[in-house]
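Next comes query_7.cif, a file with mmCIF, N, CA and C atoms.
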data_upload
loop_
_atom_site.label_atom_id
_atom_site.label_comp_id
_atom_site.auth_asym_id
_atom_site.auth_seq_id
_atom_site.Cartn_x
_atom_site.Cartn_y
_atom_site.Cartn_z
N MET A 1098 0.85 -1.16 0.00
CA MET A 1098 0.00 0.00 0.00
C MET A 1098 0.91 1.24 0.00
N PRO A 1099 0.54 2.25 -0.82
CA PRO A 1099 1.37 3.46 -0.86
C PRO A 1099 1.29 4.24 0.46
N PRO A 1100 2.28 5.08 0.69
CA PRO A 1100 2.25 5.91 1.90
C PRO A 1100 1.01 6.82 1.91
N ILE A 1101 0.63 7.28 3.09
CA ILE A 1101 -0.58 8.07 3.26
C ILE A 1101 -0.58 9.33 2.40
N ASN A 1102 0.56 10.00 2.27
CA ASN A 1102 0.62 11.21 1.44
C ASN A 1102 0.31 10.89 -0.02
N GLU A 1103 0.84 9.78 -0.49
CA GLU A 1103 0.59 9.38 -1.88
C GLU A 1103 -0.88 9.00 -2.06
N ARG A 1104 -1.45 8.32 -1.08
CA ARG A 1104 -2.87 7.95 -1.15
C ARG A 1104 -3.75 9.20 -1.18
N LYS A 1105 -3.39 10.20 -0.38
CA LYS A 1105 -4.15 11.46 -0.38
C LYS A 1105 -4.04 12.17 -1.72
N THR A 1106 -2.83 12.13 -2.29
CA THR A 1106 -2.62 12.75 -3.60
C THR A 1106 -3.46 12.04 -4.66
N ILE A 1107 -3.46 10.72 -4.62
CA ILE A 1107 -4.25 9.93 -5.57
C ILE A 1107 -5.74 10.23 -5.39
N ALA A 1108 -6.19 10.26 -4.14
CA ALA A 1108 -7.61 10.53 -3.86
C ALA A 1108 -8.00 11.93 -4.35
N ALA A 1109 -7.14 12.91 -4.12
CA ALA A 1109 -7.43 14.28 -4.57
C ALA A 1109 -7.50 14.33 -6.10
N PHE A 1110 -6.57 13.64 -6.75
CA PHE A 1110 -6.57 13.59 -8.22
C PHE A 1110 -7.86 12.96 -8.72
N LEU A 1111 -8.25 11.84 -8.13
CA LEU A 1111 -9.48 11.15 -8.55
C LEU A 1111 -10.71 12.01 -8.29
N ASP A 1112 -10.75 12.70 -7.15
CA ASP A 1112 -11.87 13.61 -6.86
C ASP A 1112 -11.96 14.70 -7.92
N HIS A 1113 -10.82 15.29 -8.25
CA HIS A 1113 -10.78 16.36 -9.25
C HIS A 1113 -11.24 15.85 -10.62
N GLU A 1114 -10.71 14.73 -11.04
CA GLU A 1114 -11.05 14.18 -12.36
C GLU A 1114 -12.51 13.73 -12.42
N THR A 1115 -13.00 13.15 -11.34
CA THR A 1115 -14.40 12.73 -11.29
C THR A 1115 -15.32 13.95 -11.38
N ALA A 1116 -14.98 15.02 -10.68
CA ALA A 1116 -15.78 16.25 -10.75
C ALA A 1116 -15.76 16.81 -12.16
N ARG A 1117 -14.60 16.77 -12.81
CA ARG A 1117 -14.49 17.27 -14.18
C ARG A 1117 -15.35 16.44 -15.13
N ILE A 1118 -15.30 15.13 -14.97
CA ILE A 1118 -16.10 14.24 -15.81
C ILE A 1118 -17.59 14.48 -15.57
N ASP A 1119 -17.98 14.63 -14.30
CA ASP A 1119 -19.38 14.92 -13.97
C ASP A 1119 -19.84 16.21 -14.64
N ALA A 1120 -18.99 17.24 -14.62
CA ALA A 1120 -19.34 18.51 -15.25
C ALA A 1120 -19.49 18.34 -16.76
N LEU A 1121 -18.61 17.56 -17.37
CA LEU A 1121 -18.70 17.33 -18.81
C LEU A 1121 -19.97 16.56 -19.16
N VAL A 1122 -20.31 15.57 -18.36
CA VAL A 1122 -21.53 14.79 -18.60
C VAL A 1122 -22.75 15.70 -18.47
N GLU A 1123 -22.76 16.55 -17.44
CA GLU A 1123 -23.87 17.48 -17.25
C GLU A 1123 -24.01 18.43 -18.44
N GLU A 1124 -22.89 18.93 -18.94
CA GLU A 1124 -22.92 19.83 -20.10
C GLU A 1124 -23.45 19.10 -21.34
N GLN A 1125 -23.03 17.86 -21.53
CA GLN A 1125 -23.52 17.07 -22.66
C GLN A 1125 -25.02 16.84 -22.55
N GLN A 1126 -25.50 16.57 -21.35
CA GLN A 1126 -26.94 16.37 -21.15
C GLN A 1126 -27.71 17.65 -21.46
N ARG A 1127 -27.14 18.80 -21.08
CA ARG A 1127 -27.77 20.09 -21.38
C ARG A 1127 -27.83 20.31 -22.89
N LEU A 1128 -26.73 19.99 -23.58
CA LEU A 1128 -26.69 20.15 -25.03
C LEU A 1128 -27.67 19.21 -25.73
N ILE A 1129 -27.79 18.00 -25.23
CA ILE A 1129 -28.74 17.04 -25.80
C ILE A 1129 -30.17 17.57 -25.63
N ALA A 1130 -30.47 18.12 -24.46
CA ALA A 1130 -31.81 18.69 -24.23
C ALA A 1130 -32.08 19.84 -25.19
N LEU A 1131 -31.07 20.69 -25.42
CA LEU A 1131 -31.23 21.80 -26.36
C LEU A 1131 -31.45 21.30 -27.78
N LEU A 1132 -30.73 20.26 -28.16
CA LEU A 1132 -30.90 19.70 -29.51
C LEU A 1132 -32.29 19.08 -29.67
N LYS A 1133 -32.78 18.43 -28.64
CA LYS A 1133 -34.14 17.87 -28.69
C LYS A 1133 -35.17 18.99 -28.84
N GLU A 1134 -34.95 20.07 -28.10
CA GLU A 1134 -35.86 21.22 -28.20
C GLU A 1134 -35.81 21.83 -29.60
N LYS A 1135 -34.61 21.94 -30.15
CA LYS A 1135 -34.44 22.49 -31.51
C LYS A 1135 -35.13 21.58 -32.53
N ARG A 1136 -34.94 20.26 -32.39
CA ARG A 1136 -35.57 19.31 -33.30
C ARG A 1136 -37.08 19.46 -33.27
N GLN A 1137 -37.64 19.57 -32.07
CA GLN A 1137 -39.09 19.71 -31.94
C GLN A 1137 -39.57 21.01 -32.58
N ALA A 1138 -38.80 22.07 -32.40
CA ALA A 1138 -39.17 23.36 -32.99
C ALA A 1138 -39.14 23.30 -34.51
N VAL A 1139 -38.13 22.64 -35.08
CA VAL A 1139 -38.03 22.52 -36.54
C VAL A 1139 -39.19 21.70 -37.09
N ILE A 1140 -39.49 20.59 -36.42
CA ILE A 1140 -40.61 19.75 -36.86
C ILE A 1140 -41.92 20.53 -36.76
N SER A 1141 -42.12 21.20 -35.64
CA SER A 1141 -43.35 21.97 -35.45
C SER A 1141 -43.48 23.05 -36.51
N HIS A 1142 -42.39 23.73 -36.80
CA HIS A 1142 -42.42 24.79 -37.81
C HIS A 1142 -42.74 24.21 -39.19
N ALA A 1143 -42.11 23.10 -39.54
CA ALA A 1143 -42.36 22.49 -40.85
C ALA A 1143 -43.80 22.01 -40.98
N VAL A 1144 -44.34 21.47 -39.89
CA VAL A 1144 -45.71 20.93 -39.92
C VAL A 1144 -46.74 22.05 -39.97
N THR A 1145 -46.48 23.16 -39.29
CA THR A 1145 -47.49 24.22 -39.22
C THR A 1145 -47.25 25.36 -40.20
N LYS A 1146 -46.03 25.52 -40.67
CA LYS A 1146 -45.73 26.64 -41.56
C LYS A 1146 -45.26 26.20 -42.94
N GLY A 1147 -44.98 24.92 -43.11
CA GLY A 1147 -44.48 24.44 -44.39
C GLY A 1147 -42.98 24.60 -44.49
N LEU A 1148 -42.44 24.20 -45.63
CA LEU A 1148 -40.99 24.23 -45.82
C LEU A 1148 -40.50 25.52 -46.46
N ASN A 1149 -41.41 26.29 -47.06
CA ASN A 1149 -41.02 27.53 -47.72
C ASN A 1149 -41.30 28.71 -46.79
N PRO A 1150 -40.26 29.32 -46.23
CA PRO A 1150 -40.50 30.42 -45.29
C PRO A 1150 -41.08 31.66 -45.96
N ASP A 1151 -41.03 31.74 -47.29
CA ASP A 1151 -41.54 32.90 -48.01
C ASP A 1151 -42.96 32.70 -48.55
N ALA A 1152 -43.56 31.55 -48.27
CA ALA A 1152 -44.91 31.26 -48.78
C ALA A 1152 -45.91 32.22 -48.15
N PRO A 1153 -46.87 32.71 -48.95
CA PRO A 1153 -47.93 33.55 -48.38
C PRO A 1153 -48.74 32.75 -47.37
N MET A 1154 -49.15 33.40 -46.29
CA MET A 1154 -49.85 32.72 -45.21
C MET A 1154 -51.30 33.20 -45.14
N LYS A 1155 -52.15 32.36 -44.52
CA LYS A 1155 -53.54 32.72 -44.26
C LYS A 1155 -53.91 32.23 -42.87
N ASP A 1156 -54.95 32.81 -42.31
CA ASP A 1156 -55.43 32.36 -41.01
C ASP A 1156 -56.04 30.98 -41.18
N SER A 1157 -55.69 30.06 -40.30
CA SER A 1157 -56.19 28.69 -40.41
C SER A 1157 -57.63 28.57 -39.93
N GLY A 1158 -58.07 29.51 -39.12
CA GLY A 1158 -59.39 29.39 -38.51
C GLY A 1158 -59.37 28.52 -37.27
N VAL A 1159 -58.20 28.01 -36.94
CA VAL A 1159 -58.02 27.18 -35.75
C VAL A 1159 -57.15 27.99 -34.78
N GLU A 1160 -57.73 28.33 -33.63
CA GLU A 1160 -57.05 29.24 -32.70
C GLU A 1160 -55.64 28.80 -32.34
N TRP A 1161 -55.46 27.53 -31.97
CA TRP A 1161 -54.15 27.07 -31.52
C TRP A 1161 -53.16 26.88 -32.65
N LEU A 1162 -53.64 26.84 -33.89
CA LEU A 1162 -52.76 26.60 -35.04
C LEU A 1162 -52.21 27.88 -35.62
N GLY A 1163 -53.00 28.94 -35.60
CA GLY A 1163 -52.53 30.21 -36.16
C GLY A 1163 -52.56 30.19 -37.68
N GLU A 1164 -51.55 30.78 -38.30
CA GLU A 1164 -51.51 30.86 -39.75
C GLU A 1164 -50.88 29.61 -40.36
N VAL A 1165 -51.33 29.32 -41.59
CA VAL A 1165 -50.78 28.21 -42.38
C VAL A 1165 -50.51 28.74 -43.78
N PRO A 1166 -49.70 28.03 -44.56
CA PRO A 1166 -49.48 28.48 -45.93
C PRO A 1166 -50.81 28.61 -46.68
N GLU A 1167 -50.89 29.64 -47.51
CA GLU A 1167 -52.12 29.98 -48.23
C GLU A 1167 -52.67 28.83 -49.07
N HIS A 1168 -51.79 28.01 -49.63
CA HIS A 1168 -52.24 26.94 -50.53
C HIS A 1168 -52.68 25.67 -49.78
N TRP A 1169 -52.59 25.67 -48.45
CA TRP A 1169 -53.01 24.51 -47.67
C TRP A 1169 -54.53 24.53 -47.48
N ILE A 1170 -55.10 23.33 -47.37
CA ILE A 1170 -56.51 23.17 -47.04
C ILE A 1170 -56.58 22.82 -45.56
N VAL A 1171 -57.40 23.53 -44.82
CA VAL A 1171 -57.58 23.24 -43.40
C VAL A 1171 -58.94 22.59 -43.24
N ALA A 1172 -58.94 21.33 -42.82
CA ALA A 1172 -60.19 20.58 -42.66
C ALA A 1172 -59.98 19.51 -41.59
N PRO A 1173 -61.06 19.03 -41.00
CA PRO A 1173 -60.94 17.95 -40.03
C PRO A 1173 -60.32 16.71 -40.69
N ILE A 1174 -59.54 15.98 -39.95
CA ILE A 1174 -58.86 14.81 -40.49
C ILE A 1174 -59.85 13.78 -41.03
N LYS A 1175 -61.06 13.74 -40.47
CA LYS A 1175 -62.06 12.76 -40.94
C LYS A 1175 -62.44 12.98 -42.40
N MET A 1176 -62.14 14.16 -42.94
CA MET A 1176 -62.41 14.43 -44.36
C MET A 1176 -61.43 13.69 -45.27
N PHE A 1177 -60.31 13.24 -44.71
CA PHE A 1177 -59.26 12.63 -45.53
C PHE A 1177 -59.03 11.15 -45.24
N VAL A 1178 -59.52 10.65 -44.11
CA VAL A 1178 -59.29 9.25 -43.75
C VAL A 1178 -60.60 8.61 -43.31
N SER A 1179 -60.65 7.31 -43.41
CA SER A 1179 -61.80 6.59 -42.87
C SER A 1179 -61.29 5.57 -41.87
N PHE A 1180 -62.08 5.34 -40.85
CA PHE A 1180 -61.66 4.44 -39.78
C PHE A 1180 -62.36 3.12 -39.88
#
Could you express the structure from this file as structure tokens?
Amino acid sequence: MPPINERKTIAAFLDHETARIDALVEEQQRLIALLKEKRQAVISHAVTKGLNPDAPMKDSGVEWLGEVPEHWIVAPIKMFVSF
């Protein structure tokens, strides 16, 4: 077994490195959460606004939906599918 001073040095080194790794993991988790949020925003924008940001828009008539591209048809889904 190493002398007590060496053991303390090793323990301090491991504490420091473990804290550094924990901080890096936390930062990566924060970045992953931001990327998930960005992905959701991109999907939401594409689904509600279309892919052309310059397309003329019109009111959808649906309060929570807001505006949609002018050339889109807004109708209940039952108009397009049968169960």
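Here atom C of A:Phe1177 and atom C of A:Asp1156 stand 20.5 Å from one another.
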Could you check the closest approach to A:Lys1146 for each of A:Glu1164, A:Glu1114, A:Glu1103, A:Glu1123 and tell me which residue wins, using all atoms listed in the file?
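Nearest to A:Lys1146: A:Glu1164.
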Considering only C-alpha atoms, return as a short mmCIF file (atom, residue, chain, number, x, y, z; two decimals) with N, CA and C atoms, in the frame of the given file whatever protein or nucleic-acid residues lie within 7 Å of A:Lys1155, sequence-local ones (same chain, fewer than 3 positions apart) excluded.
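Result file follows (selection-v5.cif):
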data_model
loop_
_atom_site.label_atom_id
_atom_site.label_comp_id
_atom_site.auth_asym_id
_atom_site.auth_seq_id
_atom_site.Cartn_x
_atom_site.Cartn_y
_atom_site.Cartn_z
N GLU A 1164 -51.55 30.78 -38.30
CA GLU A 1164 -51.51 30.86 -39.75
C GLU A 1164 -50.88 29.61 -40.36
N VAL A 1165 -51.33 29.32 -41.59
CA VAL A 1165 -50.78 28.21 -42.38
C VAL A 1165 -50.51 28.74 -43.78
N PRO A 1166 -49.70 28.03 -44.56
CA PRO A 1166 -49.48 28.48 -45.93
C PRO A 1166 -50.81 28.61 -46.68
N GLU A 1167 -50.89 29.64 -47.51
CA GLU A 1167 -52.12 29.98 -48.23
C GLU A 1167 -52.67 28.83 -49.07
#
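Atom pair atom C of A:Asp1112 / atom CA of A:Pro1100: separated by 19.4 Å.
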Can you tell me how far atom CA of A:Gln1125 sits from atom CA of A:Ala1109, in Å to one decimal?
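These atoms are spaced 24.4 Å apart.
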What's around stretch 1168-1170 of chain A at 8 Å? Count all atoms listed in the file, leave out sequence neighbours fewer than 3 positions away in its own chain, and write the answer as a list in words.
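Close residues of stretch 1168-1170 of chain A: Ala1152, Pro1153, Met1154, Lys1155, Ser1157, Val1165 and Pro1173 of chain A.
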Take the residues just selected and output them with N, CA and C atoms as a PDB file, in the coordinates of the input.
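Result written to out-v5.pdb:
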ATOM      1  N   ALA A1152     -43.560  31.550 -48.270  1.00  0.00           N
ATOM      2  CA  ALA A1152     -44.910  31.260 -48.780  1.00  0.00           C
ATOM      3  C   ALA A1152     -45.910  32.220 -48.150  1.00  0.00           C
ATOM      4  N   PRO A1153     -46.870  32.710 -48.950  1.00  0.00           N
ATOM      5  CA  PRO A1153     -47.930  33.550 -48.380  1.00  0.00           C
ATOM      6  C   PRO A1153     -48.740  32.750 -47.370  1.00  0.00           C
ATOM      7  N   MET A1154     -49.150  33.400 -46.290  1.00  0.00           N
ATOM      8  CA  MET A1154     -49.850  32.720 -45.210  1.00  0.00           C
ATOM      9  C   MET A1154     -51.300  33.200 -45.140  1.00  0.00           C
ATOM     10  N   LYS A1155     -52.150  32.360 -44.520  1.00  0.00           N
ATOM     11  CA  LYS A1155     -53.540  32.720 -44.260  1.00  0.00           C
ATOM     12  C   LYS A1155     -53.910  32.230 -42.870  1.00  0.00           C
ATOM     13  N   SER A1157     -55.690  30.060 -40.300  1.00  0.00           N
ATOM     14  CA  SER A1157     -56.190  28.690 -40.410  1.00  0.00           C
ATOM     15  C   SER A1157     -57.630  28.570 -39.930  1.00  0.00           C
ATOM     16  N   VAL A1165     -51.330  29.320 -41.590  1.00  0.00           N
ATOM     17  CA  VAL A1165     -50.780  28.210 -42.380  1.00  0.00           C
ATOM     18  C   VAL A1165     -50.510  28.740 -43.780  1.00  0.00           C
ATOM     19  N   PRO A1173     -61.060  19.030 -41.000  1.00  0.00           N
ATOM     20  CA  PRO A1173     -60.940  17.950 -40.030  1.00  0.00           C
ATOM     21  C   PRO A1173     -60.320  16.710 -40.690  1.00  0.00           C
TER      22      PRO A1173
END
Quick one: residues within 12 Å of A:His1142, only C-alpha atoms, excluding same-chain residues fewer than 6 positions away - as number ranges by chain?
A: 1135-1136, 1148-1150, 1162-1166
Test item, strand (DSSP E) assignment across chain A, answer as a PyMOL selection string
chain A and resi 1154-1156+1164-1166
Please, which residues of chain A, numbered as in this document, come out helix (DSSP H, G or I) from DSSP, as a PyMOL selection string?
chain A and resi 1101-1146+1174-1176
